[in-house]
Amino acid sequence: MSRSLGNKDDAFLNEVIEATPGGEALVTCLQCGTCGGSCPSGPDMDHTPRQLFQMINAGMRQEVLQSNAPWYCVTCYYCMTRCPKQIPITDLMYTLKRMAVRAKLYDDSDAPDWSSSFIGFVESYGRSFEFGLATRYHLTHSPLRKVGVGPMGLEMIVKDRMPLRPERIKGIDQLRTILDTAKSLEGV
Amino acid sequence: MRYGYYPGCSLTGTARPYEVSTKAIAGPLGLTFEEVEDWNCCGATEYMSLNKTAAYALVARNLALAAGEDKPKDLVAPCSLCYLNLRKTNHYMAKYKSLGKMTNQALAAGGLHYTPGSLNVRHLIDVIVNDVGYEALGARVTRPLTGLRVAPYYGCLLVRPDLNGGSFDDTEYPTHLDRLMETLGAEVVDFPLKTHCCGGHMTQISAETAYELIRRLLHNAAEYRADLLVTLCPMCQFNLDAYQTQVNRHLGTDFHLPILYFTQMIGLAMGMEPKALAIGQEIVSAASVLRKIGTAVEVEEAPQTRRKRDDKSLPMPRIREG
Ligand code: SF4
Ligand code: SF4
Ligand code: SF4
Ligand code: SF4
């Protein structure tokens, strides 16, 4: 059953579906609210997952891509496991993040920067480099320093849990070729 | 029993105690782990947030390297997030044909190929409770963890999503870790929030959001008078252990709950020395609670604060309307 209302613009809905494995299920949303009720990040979200899906069905591109909700998703998969229509909600949250970044519409969250720092390490070394990552990130993002995350890194070094040197995989060129090919196949 | 082994980045870094204890118990339990040659990071939750096909290809390279005639068919991951990424890619490549095809096109550019479903992706705890089994494990216990009150923390990704009924345990109220701890002689406390989220990468993005999620878990465990929490995921361990001091500072709480890996508990019960299990590297020291089982732990430790057990000021999580 499609919830589209005839004359409205389905372009946005179709784009979201297209970009999400199993995304077709989105049109079967019952608006039951199980997802929002299960979400640990609900209190921080401007729209619950249920509301977002209603807005996607209504073609509200701008409002949806500006929502902070996907950036507060901690990928706990509670919603997806409980959804009576097996809608891949967590995967839809990922899709909305990607679309928001590409449309440069994301909420002023630090999350996209964190993701790109992380990806930068993966693409340079094939591994994530926890010490370097944490340091680089914490030095460039003051909001975290305000709440005192910074010193933790030092404590970790003292306890010998953060490696001080990055490790590069042997097949880094092969990995980069694979990732570049994947990106061009997806057209990004 | 031979297994392919994917340690993931955490086990070579912040979660080294998990790796050390896994290796320490593997031999005596008859498990042989063959590390995937030249594996790469699975992308955690970050790669997928920016690129879809590349995120699946990143994970699929590991699957392609792990698969092969002469290689073990079971691929084991100790990190719940690695486990999810490997398992989900294995499943989605088969279920969504165009995704599978595109991922393989990308792999082909690097001279690789992966036939979805050719490996079984398994979490370390699955192998221990199902392949080694409770009985064999019980027979190896020489130092029962008698008197230790343990809160078993599963986190999200061991049991969710269930991917067509493929979850290893119940998605809401799993019990394998409970039973495993009982087998070791520990006293397992009820822990209603055992599959609630620890906040994942939120500690890096919105610390306040993460602190609240971590606080709920610690509060729940303290309420049931747990001596410690036992985990099976490096990120869960990291968040609950490394940020516990921050939580106490920012939310005015006074928790002192050590967070150990289930593999460290198995090693202790098998009579191994704490040092051989990398116990003592945790930030919230387990030394005082382990005295309960007569184990002395060498630690470089700051003075400990007393745990507040009658902390009534903190509300329980509310269920919010969708
Ligand atoms: S749980 Fe599923 S059906 Fe119910 S509102 Fe959420 S997405 Fe829609
Ligand atoms: S996966 Fe994301 S949206 Fe779904 S319940 Fe968890 S945090 Fe909320
Ligand atoms: S989930 Fe974490 S530990 Fe596992 S490979 Fe990815 S980044 Fe590394
Ligand atoms: S509990 Fe936390 S670290 Fe563990 S799986 Fe969930 S989000 Fe990841």
# chains A, B, ... in the order shown; residues from 1 in each chain; ligands from 1
>>> residues_near_ligand(ligand="ligand 4", cutoff="7 Å", atoms="only C-alpha atoms and all ligand atoms", output="JSON, numbers by chain")
{"A": [74, 75, 76], "B": [80, 81, 154, 155, 156, 157, 158, 196, 197, 198, 199, 200, 233, 234, 235, 236]}
>>> write_last_selection(atoms="N, CA, C and O atoms", output="PDB file, in the first residue's frame")
ATOM      1  N   VAL A  74      22.205   6.272  17.170  1.00  0.00           N
ATOM      2  CA  VAL A  74      23.392   5.575  17.646  1.00  0.00           C
ATOM      3  C   VAL A  74      23.445   4.147  17.090  1.00  0.00           C
ATOM      4  O   VAL A  74      24.190   3.310  17.578  1.00  0.00           O
ATOM      5  N   THR A  75      22.638   3.885  16.073  1.00  0.00           N
ATOM      6  CA  THR A  75      22.582   2.582  15.397  1.00  0.00           C
ATOM      7  C   THR A  75      22.434   1.408  16.371  1.00  0.00           C
ATOM      8  O   THR A  75      23.157   0.425  16.277  1.00  0.00           O
ATOM      9  N   CYS A  76      21.466   1.518  17.262  1.00  0.00           N
ATOM     10  CA  CYS A  76      21.247   0.441  18.216  1.00  0.00           C
ATOM     11  C   CYS A  76      20.325  -0.638  17.647  1.00  0.00           C
ATOM     12  O   CYS A  76      20.187  -1.702  18.230  1.00  0.00           O
TER      13      CYS A  76
ATOM     14  N   SER B  80      31.620  -6.487  18.623  1.00  0.00           N
ATOM     15  CA  SER B  80      30.228  -6.577  18.171  1.00  0.00           C
ATOM     16  C   SER B  80      29.970  -5.749  16.925  1.00  0.00           C
ATOM     17  O   SER B  80      29.133  -6.102  16.096  1.00  0.00           O
ATOM     18  N   LEU B  81      30.682  -4.639  16.800  1.00  0.00           N
ATOM     19  CA  LEU B  81      30.461  -3.784  15.637  1.00  0.00           C
ATOM     20  C   LEU B  81      31.090  -4.395  14.382  1.00  0.00           C
ATOM     21  O   LEU B  81      30.498  -4.398  13.299  1.00  0.00           O
ATOM     22  N   TYR B 154      25.190  -6.944  27.265  1.00  0.00           N
ATOM     23  CA  TYR B 154      25.261  -7.438  25.879  1.00  0.00           C
ATOM     24  C   TYR B 154      25.397  -6.304  24.864  1.00  0.00           C
ATOM     25  O   TYR B 154      25.907  -6.512  23.767  1.00  0.00           O
ATOM     26  N   GLY B 155      24.897  -5.125  25.200  1.00  0.00           N
ATOM     27  CA  GLY B 155      24.891  -4.042  24.224  1.00  0.00           C
ATOM     28  C   GLY B 155      23.956  -4.356  23.070  1.00  0.00           C
ATOM     29  O   GLY B 155      23.126  -5.268  23.160  1.00  0.00           O
ATOM     30  N   CYS B 156      24.099  -3.600  22.006  1.00  0.00           N
ATOM     31  CA  CYS B 156      23.139  -3.694  20.900  1.00  0.00           C
ATOM     32  C   CYS B 156      23.458  -4.763  19.882  1.00  0.00           C
ATOM     33  O   CYS B 156      22.611  -5.552  19.487  1.00  0.00           O
ATOM     34  N   LEU B 157      24.679  -4.745  19.387  1.00  0.00           N
ATOM     35  CA  LEU B 157      24.919  -5.330  18.074  1.00  0.00           C
ATOM     36  C   LEU B 157      25.220  -6.822  18.068  1.00  0.00           C
ATOM     37  O   LEU B 157      25.324  -7.418  17.004  1.00  0.00           O
ATOM     38  N   LEU B 158      25.334  -7.416  19.238  1.00  0.00           N
ATOM     39  CA  LEU B 158      25.469  -8.872  19.266  1.00  0.00           C
ATOM     40  C   LEU B 158      24.137  -9.498  18.866  1.00  0.00           C
ATOM     41  O   LEU B 158      24.098 -10.498  18.160  1.00  0.00           O
ATOM     42  N   HIS B 196      20.497  -2.443  26.287  1.00  0.00           N
ATOM     43  CA  HIS B 196      20.352  -1.029  25.929  1.00  0.00           C
ATOM     44  C   HIS B 196      21.690  -0.486  25.449  1.00  0.00           C
ATOM     45  O   HIS B 196      22.742  -1.051  25.714  1.00  0.00           O
ATOM     46  N   CYS B 197      21.613   0.626  24.754  1.00  0.00           N
ATOM     47  CA  CYS B 197      22.780   1.145  24.071  1.00  0.00           C
ATOM     48  C   CYS B 197      23.693   1.956  24.997  1.00  0.00           C
ATOM     49  O   CYS B 197      23.231   2.690  25.864  1.00  0.00           O
ATOM     50  N   CYS B 198      24.987   1.826  24.772  1.00  0.00           N
ATOM     51  CA  CYS B 198      25.967   2.583  25.567  1.00  0.00           C
ATOM     52  C   CYS B 198      26.295   3.922  24.914  1.00  0.00           C
ATOM     53  O   CYS B 198      27.125   4.672  25.408  1.00  0.00           O
ATOM     54  N   GLY B 199      25.696   4.177  23.766  1.00  0.00           N
ATOM     55  CA  GLY B 199      25.947   5.454  23.105  1.00  0.00           C
ATOM     56  C   GLY B 199      26.866   5.372  21.900  1.00  0.00           C
ATOM     57  O   GLY B 199      26.956   6.314  21.129  1.00  0.00           O
ATOM     58  N   GLY B 200      27.538   4.247  21.744  1.00  0.00           N
ATOM     59  CA  GLY B 200      28.392   4.064  20.564  1.00  0.00           C
ATOM     60  C   GLY B 200      29.339   5.228  20.363  1.00  0.00           C
ATOM     61  O   GLY B 200      30.011   5.659  21.297  1.00  0.00           O
ATOM     62  N   CYS B 233      32.151  -6.460  23.924  1.00  0.00           N
ATOM     63  CA  CYS B 233      32.360  -5.554  22.812  1.00  0.00           C
ATOM     64  C   CYS B 233      33.342  -4.467  23.254  1.00  0.00           C
ATOM     65  O   CYS B 233      33.183  -3.887  24.318  1.00  0.00           O
ATOM     66  N   PRO B 234      34.372  -4.203  22.452  1.00  0.00           N
ATOM     67  CA  PRO B 234      35.379  -3.211  22.835  1.00  0.00           C
ATOM     68  C   PRO B 234      34.814  -1.811  23.027  1.00  0.00           C
ATOM     69  O   PRO B 234      35.228  -1.088  23.915  1.00  0.00           O
ATOM     70  N   MET B 235      33.831  -1.461  22.199  1.00  0.00           N
ATOM     71  CA  MET B 235      33.298  -0.108  22.321  1.00  0.00           C
ATOM     72  C   MET B 235      32.446   0.010  23.574  1.00  0.00           C
ATOM     73  O   MET B 235      32.493   1.030  24.273  1.00  0.00           O
ATOM     74  N   CYS B 236      31.676  -1.017  23.895  1.00  0.00           N
ATOM     75  CA  CYS B 236      30.906  -0.997  25.141  1.00  0.00           C
ATOM     76  C   CYS B 236      31.867  -0.863  26.319  1.00  0.00           C
ATOM     77  O   CYS B 236      31.654  -0.053  27.223  1.00  0.00           O
TER      78      CYS B 236
END
>>> residues_around(residues="range 61-63 of chain B", least_positions_apart="5", cutoff="7 Å", atoms="only C-alpha atoms", output="number ranges by chain")
B: 39-40, 107, 114
>>> write_last_selection(atoms="N, CA, C and O atoms", output="short mmCIF file (atom, residue, chain, number, x, y, z; two decimals), in the first residue's frame")
data_model
loop_
_atom_site.label_atom_id
_atom_site.label_comp_id
_atom_site.auth_asym_id
_atom_site.auth_seq_id
_atom_site.Cartn_x
_atom_site.Cartn_y
_atom_site.Cartn_z
N TRP B 39 43.94 -7.83 6.86
CA TRP B 39 42.58 -7.29 7.00
C TRP B 39 42.61 -5.77 7.14
O TRP B 39 43.60 -5.19 7.57
N ASN B 40 41.51 -5.15 6.76
CA ASN B 40 41.38 -3.69 6.94
C ASN B 40 40.25 -3.37 7.90
O ASN B 40 39.40 -4.22 8.20
N LEU B 107 35.21 -4.86 -5.79
CA LEU B 107 36.26 -5.80 -5.36
C LEU B 107 37.11 -6.23 -6.56
O LEU B 107 38.33 -6.38 -6.46
N TYR B 114 33.94 -12.03 -3.79
CA TYR B 114 33.36 -12.74 -2.65
C TYR B 114 31.97 -13.27 -3.00
O TYR B 114 31.12 -12.51 -3.47
#
>>> residues_near_ligand(ligand="ligand 2", cutoff="7 Å", atoms="only C-alpha atoms and all ligand atoms", output="ChimeraX atom specification")
/A:35-36,38-42,49,72-80,89-90,93
>>> write_last_selection(atoms="N, CA and C atoms", output="PDB file, in the first residue's frame")
ATOM      1  N   CYS A  35       8.972   2.747  16.625  1.00  0.00           N
ATOM      2  CA  CYS A  35      10.376   3.142  16.439  1.00  0.00           C
ATOM      3  C   CYS A  35      10.772   4.260  17.403  1.00  0.00           C
ATOM      4  N   GLY A  36       9.997   5.331  17.421  1.00  0.00           N
ATOM      5  CA  GLY A  36      10.335   6.455  18.288  1.00  0.00           C
ATOM      6  C   GLY A  36      10.309   6.058  19.754  1.00  0.00           C
ATOM      7  N   SER A  38      11.087   3.328  20.965  1.00  0.00           N
ATOM      8  CA  SER A  38      12.203   2.436  21.292  1.00  0.00           C
ATOM      9  C   SER A  38      13.542   3.143  21.249  1.00  0.00           C
ATOM     10  N   CYS A  39      13.531   4.384  20.794  1.00  0.00           N
ATOM     11  CA  CYS A  39      14.786   5.042  20.472  1.00  0.00           C
ATOM     12  C   CYS A  39      15.454   5.690  21.687  1.00  0.00           C
ATOM     13  N   PRO A  40      16.700   5.284  22.004  1.00  0.00           N
ATOM     14  CA  PRO A  40      17.375   5.876  23.154  1.00  0.00           C
ATOM     15  C   PRO A  40      17.708   7.347  22.935  1.00  0.00           C
ATOM     16  N   SER A  41      17.770   7.770  21.675  1.00  0.00           N
ATOM     17  CA  SER A  41      18.121   9.155  21.376  1.00  0.00           C
ATOM     18  C   SER A  41      16.896  10.025  21.163  1.00  0.00           C
ATOM     19  N   GLY A  42      15.725   9.435  21.288  1.00  0.00           N
ATOM     20  CA  GLY A  42      14.485  10.166  21.060  1.00  0.00           C
ATOM     21  C   GLY A  42      14.455  11.560  21.677  1.00  0.00           C
ATOM     22  N   PRO A  49      11.747   9.067  14.448  1.00  0.00           N
ATOM     23  CA  PRO A  49      11.791   8.354  13.165  1.00  0.00           C
ATOM     24  C   PRO A  49      10.398   8.304  12.511  1.00  0.00           C
ATOM     25  N   TYR A  72      21.672  11.907  15.583  1.00  0.00           N
ATOM     26  CA  TYR A  72      21.598  11.396  16.951  1.00  0.00           C
ATOM     27  C   TYR A  72      21.363   9.890  16.978  1.00  0.00           C
ATOM     28  N   CYS A  73      21.207   9.302  15.813  1.00  0.00           N
ATOM     29  CA  CYS A  73      20.999   7.844  15.763  1.00  0.00           C
ATOM     30  C   CYS A  73      22.291   7.160  16.177  1.00  0.00           C
ATOM     31  N   VAL A  74      22.205   6.272  17.170  1.00  0.00           N
ATOM     32  CA  VAL A  74      23.392   5.575  17.646  1.00  0.00           C
ATOM     33  C   VAL A  74      23.445   4.147  17.090  1.00  0.00           C
ATOM     34  N   THR A  75      22.638   3.885  16.073  1.00  0.00           N
ATOM     35  CA  THR A  75      22.582   2.582  15.397  1.00  0.00           C
ATOM     36  C   THR A  75      22.434   1.408  16.371  1.00  0.00           C
ATOM     37  N   CYS A  76      21.466   1.518  17.262  1.00  0.00           N
ATOM     38  CA  CYS A  76      21.247   0.441  18.216  1.00  0.00           C
ATOM     39  C   CYS A  76      20.325  -0.638  17.647  1.00  0.00           C
ATOM     40  N   TYR A  77      19.666  -0.354  16.546  1.00  0.00           N
ATOM     41  CA  TYR A  77      18.794  -1.310  15.833  1.00  0.00           C
ATOM     42  C   TYR A  77      17.562  -1.756  16.629  1.00  0.00           C
ATOM     43  N   TYR A  78      17.235  -1.043  17.695  1.00  0.00           N
ATOM     44  CA  TYR A  78      16.008  -1.395  18.426  1.00  0.00           C
ATOM     45  C   TYR A  78      14.791  -1.187  17.530  1.00  0.00           C
ATOM     46  N   CYS A  79      14.742  -0.021  16.879  1.00  0.00           N
ATOM     47  CA  CYS A  79      13.590   0.323  16.043  1.00  0.00           C
ATOM     48  C   CYS A  79      13.391  -0.702  14.940  1.00  0.00           C
ATOM     49  N   MET A  80      14.486  -1.034  14.272  1.00  0.00           N
ATOM     50  CA  MET A  80      14.429  -1.919  13.107  1.00  0.00           C
ATOM     51  C   MET A  80      13.985  -3.316  13.508  1.00  0.00           C
ATOM     52  N   ILE A  89      14.865   0.785   9.313  1.00  0.00           N
ATOM     53  CA  ILE A  89      14.930   2.154   9.825  1.00  0.00           C
ATOM     54  C   ILE A  89      16.365   2.646  10.004  1.00  0.00           C
ATOM     55  N   THR A  90      17.217   1.807  10.581  1.00  0.00           N
ATOM     56  CA  THR A  90      18.599   2.236  10.811  1.00  0.00           C
ATOM     57  C   THR A  90      19.289   2.534   9.476  1.00  0.00           C
ATOM     58  N   MET A  93      18.255   5.830   8.257  1.00  0.00           N
ATOM     59  CA  MET A  93      18.955   6.911   8.953  1.00  0.00           C
ATOM     60  C   MET A  93      20.308   7.171   8.293  1.00  0.00           C
TER      61      MET A  93
END
>>> closest_atom_pairs(of="chain B", to="ligand 3", cutoff="6 Å", atoms="only C-alpha atoms and all ligand atoms", output="Markdown table")
| residue | atom | partner | partner_atom_place_in_ligand_line | distance |
| --- | --- | --- | --- | --- |
| B:Gly8 | CA | ligand 3 | 5 (S) | 3.7 |
| B:Cys9 | CA | ligand 3 | 8 (Fe) | 3.6 |
| B:Ser10 | CA | ligand 3 | 3 (S) | 4.0 |
| B:Cys41 | CA | ligand 3 | 5 (S) | 4.0 |
| B:Cys42 | CA | ligand 3 | 6 (Fe) | 4.1 |
| B:Gly43 | CA | ligand 3 | 6 (Fe) | 4.9 |
| B:Ala44 | CA | ligand 3 | 1 (S) | 4.0 |
| B:Cys79 | CA | ligand 3 | 4 (Fe) | 5.8 |
| B:Leu81 | CA | ligand 3 | 1 (S) | 4.5 |
| B:Cys82 | CA | ligand 3 | 4 (Fe) | 4.1 |
>>> interface_residues(of="chain A", to="chain B", cutoff="7 Å", atoms="only C-alpha atoms", output="PyMOL selection string")
chain A and resi 21+33-37+48+50+74+76-77+80-81+94+97-98+110-111+115+118-119+122+126-128+144+159+161-163+169-171+174-175+177-179+181-183+186
>>> write_last_selection(atoms="N, CA and C atoms", output="compact mmCIF listing (two decimals), in the first residue's frame")
# COMPACT_ATOMS: atom_id res chain seq x y z
N PRO A 21 19.04 -0.22 0.86
CA PRO A 21 18.68 -1.62 0.62
C PRO A 21 17.38 -1.95 1.37
N GLY A 33 4.53 4.33 15.71
CA GLY A 33 5.34 4.97 16.73
C GLY A 33 6.23 4.04 17.53
N THR A 34 6.25 2.76 17.17
CA THR A 34 7.11 1.81 17.88
C THR A 34 8.58 2.24 17.80
N CYS A 35 8.97 2.75 16.63
CA CYS A 35 10.38 3.14 16.44
C CYS A 35 10.77 4.26 17.40
N GLY A 36 10.00 5.33 17.42
CA GLY A 36 10.33 6.46 18.29
C GLY A 36 10.31 6.06 19.75
N GLY A 37 9.34 5.22 20.11
CA GLY A 37 9.22 4.78 21.50
C GLY A 37 10.38 3.91 21.93
N THR A 48 10.93 12.42 15.62
CA THR A 48 11.13 10.99 15.85
C THR A 48 11.22 10.30 14.49
N ARG A 50 9.38 8.04 13.30
CA ARG A 50 8.03 7.98 12.74
C ARG A 50 7.66 9.28 12.02
N VAL A 74 22.21 6.27 17.17
CA VAL A 74 23.39 5.57 17.65
C VAL A 74 23.44 4.15 17.09
N CYS A 76 21.47 1.52 17.26
CA CYS A 76 21.25 0.44 18.22
C CYS A 76 20.32 -0.64 17.65
N TYR A 77 19.67 -0.35 16.55
CA TYR A 77 18.79 -1.31 15.83
C TYR A 77 17.56 -1.76 16.63
N MET A 80 14.49 -1.03 14.27
CA MET A 80 14.43 -1.92 13.11
C MET A 80 13.98 -3.32 13.51
N THR A 81 14.43 -3.76 14.68
CA THR A 81 14.08 -5.09 15.15
C THR A 81 12.60 -5.15 15.57
N TYR A 94 21.00 6.11 7.93
CA TYR A 94 22.27 6.25 7.22
C TYR A 94 22.06 6.96 5.88
N LYS A 97 21.63 10.62 6.36
CA LYS A 97 22.90 11.29 6.66
C LYS A 97 23.65 11.55 5.36
N ARG A 98 23.73 10.53 4.50
CA ARG A 98 24.48 10.70 3.25
C ARG A 98 23.86 11.78 2.37
N ASP A 110 28.60 17.77 14.91
CA ASP A 110 30.00 17.46 14.68
C ASP A 110 30.16 16.11 13.99
N ALA A 111 29.04 15.39 13.88
CA ALA A 111 29.13 14.02 13.40
C ALA A 111 29.76 13.88 12.01
N SER A 115 33.03 11.63 11.21
CA SER A 115 33.03 10.56 10.21
C SER A 115 34.13 10.77 9.19
N PHE A 118 37.54 9.97 10.57
CA PHE A 118 37.68 8.51 10.69
C PHE A 118 38.00 7.90 9.33
N ILE A 119 37.21 8.30 8.33
CA ILE A 119 37.38 7.76 6.99
C ILE A 119 38.76 8.12 6.43
N VAL A 122 41.12 5.60 7.61
CA VAL A 122 40.91 4.31 6.96
C VAL A 122 41.47 4.34 5.54
N GLY A 126 44.24 2.02 6.05
CA GLY A 126 43.51 0.75 6.02
C GLY A 126 43.08 0.34 7.42
N ARG A 127 43.53 1.11 8.40
CA ARG A 127 43.15 0.84 9.79
C ARG A 127 42.73 2.17 10.41
N SER A 128 41.97 2.09 11.48
CA SER A 128 41.70 3.32 12.17
C SER A 128 42.79 3.50 13.21
N LEU A 144 33.86 19.64 22.63
CA LEU A 144 34.18 18.48 23.44
C LEU A 144 35.12 18.85 24.57
N LYS A 159 47.84 4.24 30.62
CA LYS A 159 47.44 2.86 30.85
C LYS A 159 47.82 1.98 29.67
N ARG A 161 46.91 1.87 26.52
CA ARG A 161 45.85 1.30 25.69
C ARG A 161 45.70 1.97 24.34
N MET A 162 46.36 3.09 24.12
CA MET A 162 46.27 3.74 22.82
C MET A 162 47.58 3.53 22.08
N PRO A 163 47.53 2.93 20.90
CA PRO A 163 48.78 2.74 20.18
C PRO A 163 49.28 4.09 19.69
N ILE A 169 48.19 -1.17 6.27
CA ILE A 169 48.07 -2.51 5.71
C ILE A 169 48.89 -2.61 4.42
N LYS A 170 49.25 -3.84 4.07
CA LYS A 170 50.09 -4.03 2.87
C LYS A 170 49.31 -3.67 1.61
N GLY A 171 48.04 -4.06 1.60
CA GLY A 171 47.24 -3.86 0.39
C GLY A 171 46.55 -2.50 0.32
N GLN A 174 45.49 -1.50 -3.18
CA GLN A 174 44.37 -2.33 -3.61
C GLN A 174 43.08 -1.83 -2.95
N LEU A 175 43.16 -1.55 -1.65
CA LEU A 175 41.98 -1.07 -0.93
C LEU A 175 41.48 0.25 -1.52
N THR A 177 41.89 1.40 -4.54
CA THR A 177 41.30 1.14 -5.86
C THR A 177 39.86 0.63 -5.69
N ILE A 178 39.69 -0.28 -4.74
CA ILE A 178 38.35 -0.83 -4.49
C ILE A 178 37.38 0.27 -4.06
N LEU A 179 37.83 1.10 -3.13
CA LEU A 179 36.94 2.15 -2.61
C LEU A 179 36.63 3.20 -3.68
N THR A 181 36.59 2.74 -6.90
CA THR A 181 35.68 2.12 -7.87
C THR A 181 34.26 2.11 -7.31
N ALA A 182 34.14 1.75 -6.05
CA ALA A 182 32.82 1.71 -5.43
C ALA A 182 32.16 3.09 -5.46
N LYS A 183 32.96 4.11 -5.18
CA LYS A 183 32.39 5.46 -5.18
C LYS A 183 31.95 5.86 -6.57
N GLU A 186 28.73 4.28 -7.59
CA GLU A 186 27.57 4.89 -6.93
C GLU A 186 27.35 6.31 -7.46
>>> select_by_dssp(residues="range 33-245 of chain B", states="alpha helix (DSSP H)", output="JSON, numbers by chain")
{"B": [47, 48, 49, 50, 52, 53, 54, 55, 56, 57, 58, 59, 60, 61, 62, 63, 64, 65, 66, 80, 81, 82, 83, 84, 85, 86, 87, 88, 89, 90, 91, 92, 93, 94, 95, 97, 98, 99, 100, 101, 102, 103, 104, 105, 106, 107, 108, 109, 124, 125, 126, 134, 135, 136, 137, 138, 139, 176, 177, 178, 179, 180, 181, 182, 183, 202, 203, 204, 205, 207, 208, 209, 210, 211, 212, 213, 214, 215, 216, 217, 218, 219, 220, 221, 222, 223, 234, 235, 236, 237, 238, 239, 240, 241, 242, 244, 245]}
>>> atom_distance(atom1="CA of Asp74 in chain B", atom2="CA of Thr175 in chain B")
22.7 Å
>>> residues_around(residues="Lys85 in chain A", least_positions_apart="3", cutoff="8 Å", atoms="only C-alpha atoms", output="list in words")
Ala25, Thr28, Cys29 and Leu30 of chain A
>>> residues_around(residues="Leu105 in chain A", least_positions_apart="6", cutoff="8 Å", atoms="only C-alpha atoms", output="ChimeraX atom specification")
/A:62,65-66
>>> write_last_selection(atoms="N, CA and C atoms", output="PDB file, in the first residue's frame")
ATOM      1  N   GLN A  62      13.611  19.419   2.280  1.00  0.00           N
ATOM      2  CA  GLN A  62      14.400  20.373   3.060  1.00  0.00           C
ATOM      3  C   GLN A  62      14.329  20.087   4.563  1.00  0.00           C
ATOM      4  N   LEU A  65      16.052  16.701   5.521  1.00  0.00           N
ATOM      5  CA  LEU A  65      17.517  16.692   5.460  1.00  0.00           C
ATOM      6  C   LEU A  65      18.150  17.656   6.463  1.00  0.00           C
ATOM      7  N   GLN A  66      17.358  18.568   6.992  1.00  0.00           N
ATOM      8  CA  GLN A  66      17.879  19.470   8.024  1.00  0.00           C
ATOM      9  C   GLN A  66      17.692  18.922   9.431  1.00  0.00           C
TER      10      GLN A  66
END
>>> select_by_dssp(residues="range 8-198 of chain B", states="strand (DSSP E or B)", output="list in words")
Thr32, Phe33, Glu34, Glu35, Asp74, Leu75, Val76, Ala77, Asn120, Val121, Arg122, His123, Arg149, Val150, Ala151, Pro152, Glu187 and Val188 of chain B
>>> closest_residue(among="A:Arg168, A:Arg176, A:Arg102, A:Arg82", to="ligand 1", atoms="only C-alpha atoms and all ligand atoms")
A:Arg82
>>> closest_residue(among="A:Ile172, A:Met55, A:Ala19, A:Ala11", to="ligand 1", atoms="only C-alpha atoms and all ligand atoms")
A:Met55
>>> atom_distance(atom1="CA of Arg140 in chain B", atom2="CA of Ala278 in chain B")
20.1 Å
>>> closest_residue(among="A:Cys32, A:Leu26, A:Leu13, A:Met45", to="ligand 1", atoms="only C-alpha atoms and all ligand atoms")
A:Cys32
